[in-house]
file run07.csv (CSV, C-alpha atoms)
chain,number,residue,atom,x,y,z
S,1,MET,CA,0.0,0.0,0.0
S,2,VAL,CA,1.3,3.4,-0.9
S,3,ILE,CA,0.1,6.6,0.8
S,4,LYS,CA,-0.2,9.4,-1.8
S,5,VAL,CA,-0.3,13.0,-0.8
S,6,TYR,CA,-1.4,15.3,-3.6
S,7,VAL,CA,0.3,18.7,-3.3
S,8,ALA,CA,0.7,21.8,-5.3
S,9,SER,CA,4.2,23.2,-5.4
S,10,SER,CA,2.9,26.7,-6.5
S,11,SER,CA,0.3,27.3,-3.8
S,12,GLY,CA,-0.5,30.0,-1.2
S,13,SER,CA,0.9,30.1,2.3
S,14,VAL,CA,-2.0,28.4,4.0
S,15,VAL,CA,-2.1,25.5,1.5
S,16,LYS,CA,1.7,25.2,1.7
S,17,LYS,CA,1.6,25.1,5.5
S,18,HIS,CA,-1.1,22.3,5.4
S,19,GLN,CA,1.0,20.3,3.0
S,20,GLN,CA,4.1,20.7,5.1
S,21,ALA,CA,2.2,19.6,8.2
S,22,VAL,CA,1.0,16.4,6.5
S,23,VAL,CA,4.3,15.5,4.9
S,24,GLY,CA,6.3,16.4,8.0
S,25,PHE,CA,4.1,14.1,10.1
S,26,LEU,CA,4.4,11.2,7.7
S,27,GLU,CA,8.2,11.7,7.6
S,28,ALA,CA,8.6,12.0,11.4
S,29,ASN,CA,6.6,8.8,11.8
S,30,ARG,CA,8.5,7.0,9.1
S,31,ILE,CA,5.3,6.3,7.1
S,32,ASN,CA,6.2,5.6,3.5
S,33,PHE,CA,4.4,7.9,1.1
S,34,GLN,CA,4.6,9.4,-2.4
S,35,GLU,CA,4.2,13.1,-2.9
S,36,VAL,CA,2.3,13.9,-6.2
S,37,ASP,CA,2.6,17.5,-7.4
S,38,ILE,CA,-0.6,18.3,-9.3
S,39,THR,CA,0.9,21.5,-10.8
S,40,MET,CA,3.4,19.4,-12.7
S,41,LEU,CA,1.3,16.4,-13.7
S,42,GLU,CA,-2.1,17.3,-15.3
S,43,GLU,CA,-3.1,13.7,-15.5
S,44,GLN,CA,-2.6,13.2,-11.8
S,45,ARG,CA,-4.5,16.4,-11.0
S,46,LEU,CA,-7.5,15.2,-13.0
S,47,TRP,CA,-7.3,11.8,-11.4
S,48,MET,CA,-7.3,13.4,-7.9
S,49,TYR,CA,-10.3,15.6,-8.8
S,50,ARG,CA,-12.2,12.6,-10.2
S,51,ASN,CA,-11.5,10.4,-7.1
S,52,ILE,CA,-12.5,12.8,-4.3
S,53,PRO,CA,-16.0,11.8,-3.1
S,54,LYS,CA,-18.7,14.2,-4.1
S,55,GLU,CA,-19.5,15.1,-0.5
S,56,LYS,CA,-15.9,16.3,0.0
S,57,LYS,CA,-15.9,18.6,-3.0
S,58,PRO,CA,-16.5,22.3,-2.5
S,59,GLU,CA,-19.7,23.9,-4.0
S,60,LYS,CA,-17.5,26.1,-6.2
S,61,GLY,CA,-14.0,25.5,-7.5
S,62,ASN,CA,-11.8,22.5,-7.0
S,63,PRO,CA,-10.7,20.8,-3.8
S,64,LEU,CA,-7.4,22.2,-2.5
S,65,PRO,CA,-4.4,20.2,-1.7
S,66,PRO,CA,-3.3,18.4,0.3
S,67,GLN,CA,-5.5,15.4,-0.6
S,68,ILE,CA,-4.6,12.1,0.8
S,69,PHE,CA,-5.1,8.6,-0.7
S,70,ASN,CA,-4.1,5.1,0.2
S,71,GLU,CA,-3.5,3.7,-3.3
S,72,ASP,CA,-6.8,4.5,-5.0
S,73,ARG,CA,-8.8,4.8,-1.7
S,74,TYR,CA,-9.6,8.4,-0.6
S,75,CYS,CA,-8.5,9.0,3.0
S,76,GLY,CA,-9.3,12.7,3.2
S,77,ASP,CA,-8.1,16.3,3.1
S,78,TYR,CA,-6.1,18.4,5.5
S,79,GLU,CA,-9.0,18.9,7.9
S,80,ASP,CA,-9.7,15.2,8.0
S,81,PHE,CA,-6.0,14.5,8.6
S,82,PHE,CA,-5.8,17.1,11.4
S,83,GLN,CA,-8.9,15.7,13.1
S,84,SER,CA,-7.4,12.2,13.0
S,85,LYS,CA,-4.1,13.5,14.4
S,86,GLU,CA,-6.0,15.2,17.3
S,87,ASN,CA,-7.9,11.9,17.9
S,88,ASN,CA,-4.7,9.9,17.7
S,89,THR,CA,-6.2,7.8,14.9
S,90,VAL,CA,-3.9,8.7,12.0
S,91,PHE,CA,-3.0,5.1,11.2
S,92,ALA,CA,-6.7,4.2,10.9
S,93,PHE,CA,-7.4,7.3,8.9
S,94,LEU,CA,-4.6,6.2,6.4
S,95,GLY,CA,-5.9,2.6,6.3
S,96,LEU,CA,-2.7,1.4,8.0
S,97,SER,CA,-2.2,-0.9,10.9
S,98,SER,CA,-0.7,0.9,13.9
S,99,PRO,CA,3.0,0.2,14.7
S,100,LEU,CA,1.9,-0.3,18.3
S,101,SER,CA,-0.3,-3.3,17.4
S,102,LYS,CA,2.9,-5.2,16.3
S,103,THR,CA,4.5,-4.6,19.7
S,104,ASP,CA,1.3,-5.6,21.5
S,105,VAL,CA,1.3,-8.9,19.6
S,106,GLU,CA,4.9,-9.7,20.5
S,107,CYS,CA,4.3,-9.1,24.2

call {"tool": "encode", "arguments": {"input": "run07.csv", "output": "structure tokens"}}
result
Amino acid sequence: MVIKVYVASSSGSVVKKHQQAVVGFLEANRINFQEVDITMLEEQRLWMYRNIPKEKKPEKGNPLPPQIFNEDRYCGDYEDFFQSKENNTVFAFLGLSSPLSKTDVEC
């Protein structure tokens, strides 16, 4: 399974800050992920837009990065990520097993 974080290299400060928060968390927790820059890859940008559930799309315009997927499964946007971080449920949000569960099994 590959976590994909769709980002925009040429974005405003708030979006850039949100992208850095997601990427920084994944790096700090050694979660393997792929960063996909939608400003450089038109095909990937269109794929991202098509695969975000209708209820998560804004009424006007396009969804802003970062958008997070586990392979082809939509996980959520920055707000969803932030909420999962606050609730200490990021691994479940990403569709991954918690590293703690491996330790618990070994005990």

call {"tool": "residues_around", "arguments": {"input": "run07.csv", "residues": "Ile31 (chain S)", "least_positions_apart": "3", "cutoff": "12 Å", "atoms": "all atoms listed in the file", "output": "list of chain:residue names"}}
result
S:Met1, S:Val2, S:Ile3, S:Lys4, S:Val5, S:Val22, S:Val23, S:Gly24, S:Phe25, S:Leu26, S:Glu27, S:Ala28, S:Gln34, S:Asn70, S:Val90, S:Phe91, S:Leu94, S:Gly95, S:Leu96, S:Ser97, S:Ser98, S:Pro99

call {"tool": "atom_distance", "arguments": {"input": "run07.csv", "atom1": "CA of Leu46 (chain S)", "atom2": "CA of Lys85 (chain S)"}}
result
27.7 Å

call {"tool": "atom_distance", "arguments": {"input": "run07.csv", "atom1": "CA of Ala92 (chain S)", "atom2": "CA of Ser9 (chain S)"}}
result
27.3 Å

call {"tool": "closest_residue", "arguments": {"input": "run07.csv", "among": "S:Asn87, S:Gln67, S:Asn32, S:Thr39", "to": "Asn51 (chain S)", "atoms": "only C-alpha atoms"}}
result
S:Gln67

call {"tool": "residues_around", "arguments": {"input": "run07.csv", "residues": "Gln19 (chain S)", "least_positions_apart": "2", "cutoff": "8 Å", "atoms": "all atoms listed in the file", "output": "number ranges by chain"}}
result
S: 7, 15-17, 21-23, 65-66, 78

call {"tool": "atom_distance", "arguments": {"input": "run07.csv", "atom1": "CA of Pro58 (chain S)", "atom2": "CA of Ala8 (chain S)"}}
result
17.4 Å

call {"tool": "closest_residue", "arguments": {"input": "run07.csv", "among": "S:Lys56, S:Leu64, S:Tyr6, S:Gly12", "to": "Leu41 (chain S)", "atoms": "all atoms listed in the file"}}
result
S:Tyr6

call {"tool": "closest_residue", "arguments": {"input": "run07.csv", "among": "S:Asn29, S:Gly76, S:Glu42, S:Asp37", "to": "Glu55 (chain S)", "atoms": "only C-alpha atoms"}}
result
S:Gly76

call {"tool": "closest_residue", "arguments": {"input": "run07.csv", "among": "S:Glu79, S:Glu86, S:Glu35, S:Asp72", "to": "Ile52 (chain S)", "atoms": "only C-alpha atoms"}}
result
S:Asp72

call {"tool": "decode", "arguments": {"input": "run07.csv", "residues": "region 41-84 of chain S", "atoms": "N, CA and C atoms", "output": "short mmCIF file (atom, residue, chain, number, x, y, z; two decimals), in the first residue's frame"}}
result
data_model
loop_
_atom_site.label_atom_id
_atom_site.label_comp_id
_atom_site.auth_asym_id
_atom_site.auth_seq_id
_atom_site.Cartn_x
_atom_site.Cartn_y
_atom_site.Cartn_z
N LEU S 41 1.81 17.60 -13.03
CA LEU S 41 1.25 16.42 -13.69
C LEU S 41 -0.25 16.56 -13.88
N GLU S 42 -0.64 17.07 -15.04
CA GLU S 42 -2.05 17.31 -15.35
C GLU S 42 -2.90 16.04 -15.18
N GLU S 43 -2.38 14.92 -15.64
CA GLU S 43 -3.11 13.65 -15.53
C GLU S 43 -3.39 13.30 -14.06
N GLN S 44 -2.41 13.52 -13.20
CA GLN S 44 -2.59 13.22 -11.77
C GLN S 44 -3.58 14.18 -11.11
N ARG S 45 -3.54 15.45 -11.53
CA ARG S 45 -4.48 16.44 -10.99
C ARG S 45 -5.91 16.04 -11.34
N LEU S 46 -6.13 15.66 -12.58
CA LEU S 46 -7.47 15.25 -13.01
C LEU S 46 -7.90 13.97 -12.29
N TRP S 47 -6.96 13.03 -12.11
CA TRP S 47 -7.28 11.79 -11.38
C TRP S 47 -7.72 12.13 -9.96
N MET S 48 -6.95 13.03 -9.31
CA MET S 48 -7.28 13.42 -7.94
C MET S 48 -8.69 14.01 -7.88
N TYR S 49 -9.00 14.95 -8.77
CA TYR S 49 -10.32 15.57 -8.77
C TYR S 49 -11.43 14.55 -8.98
N ARG S 50 -11.22 13.60 -9.87
CA ARG S 50 -12.24 12.59 -10.16
C ARG S 50 -12.45 11.63 -9.00
N ASN S 51 -11.45 11.42 -8.18
CA ASN S 51 -11.53 10.39 -7.13
C ASN S 51 -11.80 10.92 -5.74
N ILE S 52 -12.06 12.20 -5.61
CA ILE S 52 -12.50 12.77 -4.34
C ILE S 52 -14.02 12.61 -4.29
N PRO S 53 -14.54 12.03 -3.21
CA PRO S 53 -15.99 11.82 -3.13
C PRO S 53 -16.76 13.14 -3.27
N LYS S 54 -17.92 13.05 -3.86
CA LYS S 54 -18.74 14.23 -4.13
C LYS S 54 -18.99 15.07 -2.87
N GLU S 55 -19.23 14.41 -1.75
CA GLU S 55 -19.52 15.14 -0.51
C GLU S 55 -18.32 15.91 0.03
N LYS S 56 -17.13 15.60 -0.46
CA LYS S 56 -15.92 16.30 -0.01
C LYS S 56 -15.51 17.43 -0.96
N LYS S 57 -16.22 17.57 -2.07
CA LYS S 57 -15.88 18.62 -3.04
C LYS S 57 -16.57 19.92 -2.64
N PRO S 58 -15.88 21.05 -2.81
CA PRO S 58 -16.51 22.33 -2.50
C PRO S 58 -17.62 22.65 -3.50
N GLU S 59 -18.56 23.51 -3.08
CA GLU S 59 -19.65 23.89 -3.96
C GLU S 59 -19.13 24.58 -5.21
N LYS S 60 -18.10 25.40 -5.03
CA LYS S 60 -17.50 26.12 -6.16
C LYS S 60 -16.02 25.84 -6.21
N GLY S 61 -15.47 25.73 -7.39
CA GLY S 61 -14.04 25.52 -7.54
C GLY S 61 -13.64 24.07 -7.35
N ASN S 62 -12.35 23.88 -7.18
CA ASN S 62 -11.80 22.53 -7.02
C ASN S 62 -11.29 22.33 -5.60
N PRO S 63 -11.23 21.08 -5.14
CA PRO S 63 -10.67 20.79 -3.82
C PRO S 63 -9.20 21.22 -3.76
N LEU S 64 -8.82 21.78 -2.63
CA LEU S 64 -7.43 22.23 -2.46
C LEU S 64 -6.56 21.12 -1.90
N PRO S 65 -5.29 21.10 -2.29
CA PRO S 65 -4.36 20.17 -1.67
C PRO S 65 -4.07 20.61 -0.24
N PRO S 66 -3.59 19.74 0.59
CA PRO S 66 -3.28 18.36 0.30
C PRO S 66 -4.51 17.47 0.34
N GLN S 67 -4.52 16.49 -0.54
CA GLN S 67 -5.53 15.44 -0.57
C GLN S 67 -4.77 14.13 -0.40
N ILE S 68 -5.30 13.26 0.44
CA ILE S 68 -4.56 12.06 0.83
C ILE S 68 -5.32 10.80 0.40
N PHE S 69 -4.57 9.89 -0.22
CA PHE S 69 -5.12 8.61 -0.70
C PHE S 69 -4.23 7.48 -0.20
N ASN S 70 -4.82 6.31 -0.01
CA ASN S 70 -4.08 5.08 0.20
C ASN S 70 -4.32 4.27 -1.07
N GLU S 71 -3.31 4.24 -1.94
CA GLU S 71 -3.48 3.70 -3.30
C GLU S 71 -4.60 4.49 -3.98
N ASP S 72 -5.72 3.82 -4.30
CA ASP S 72 -6.84 4.49 -4.96
C ASP S 72 -7.95 4.87 -3.99
N ARG S 73 -7.78 4.54 -2.73
CA ARG S 73 -8.83 4.81 -1.72
C ARG S 73 -8.62 6.20 -1.12
N TYR S 74 -9.65 7.02 -1.20
CA TYR S 74 -9.58 8.37 -0.65
C TYR S 74 -9.59 8.32 0.88
N CYS S 75 -8.60 8.96 1.49
CA CYS S 75 -8.54 9.04 2.96
C CYS S 75 -9.16 10.34 3.44
N GLY S 76 -8.77 11.46 2.81
CA GLY S 76 -9.34 12.74 3.23
C GLY S 76 -8.45 13.91 2.85
N ASP S 77 -8.86 15.07 3.32
CA ASP S 77 -8.11 16.30 3.07
C ASP S 77 -7.36 16.70 4.34
N TYR S 78 -6.84 17.92 4.36
CA TYR S 78 -6.08 18.36 5.52
C TYR S 78 -6.94 18.36 6.78
N GLU S 79 -8.17 18.85 6.68
CA GLU S 79 -9.04 18.91 7.87
C GLU S 79 -9.27 17.51 8.44
N ASP S 80 -9.51 16.54 7.57
CA ASP S 80 -9.69 15.15 8.03
C ASP S 80 -8.43 14.63 8.69
N PHE S 81 -7.29 14.92 8.06
CA PHE S 81 -6.00 14.50 8.61
C PHE S 81 -5.78 15.12 9.98
N PHE S 82 -6.01 16.42 10.09
CA PHE S 82 -5.81 17.13 11.35
C PHE S 82 -6.70 16.54 12.45
N GLN S 83 -7.95 16.25 12.11
CA GLN S 83 -8.87 15.66 13.08
C GLN S 83 -8.38 14.29 13.54
N SER S 84 -7.88 13.49 12.61
CA SER S 84 -7.38 12.16 12.98
C SER S 84 -6.13 12.28 13.85
#
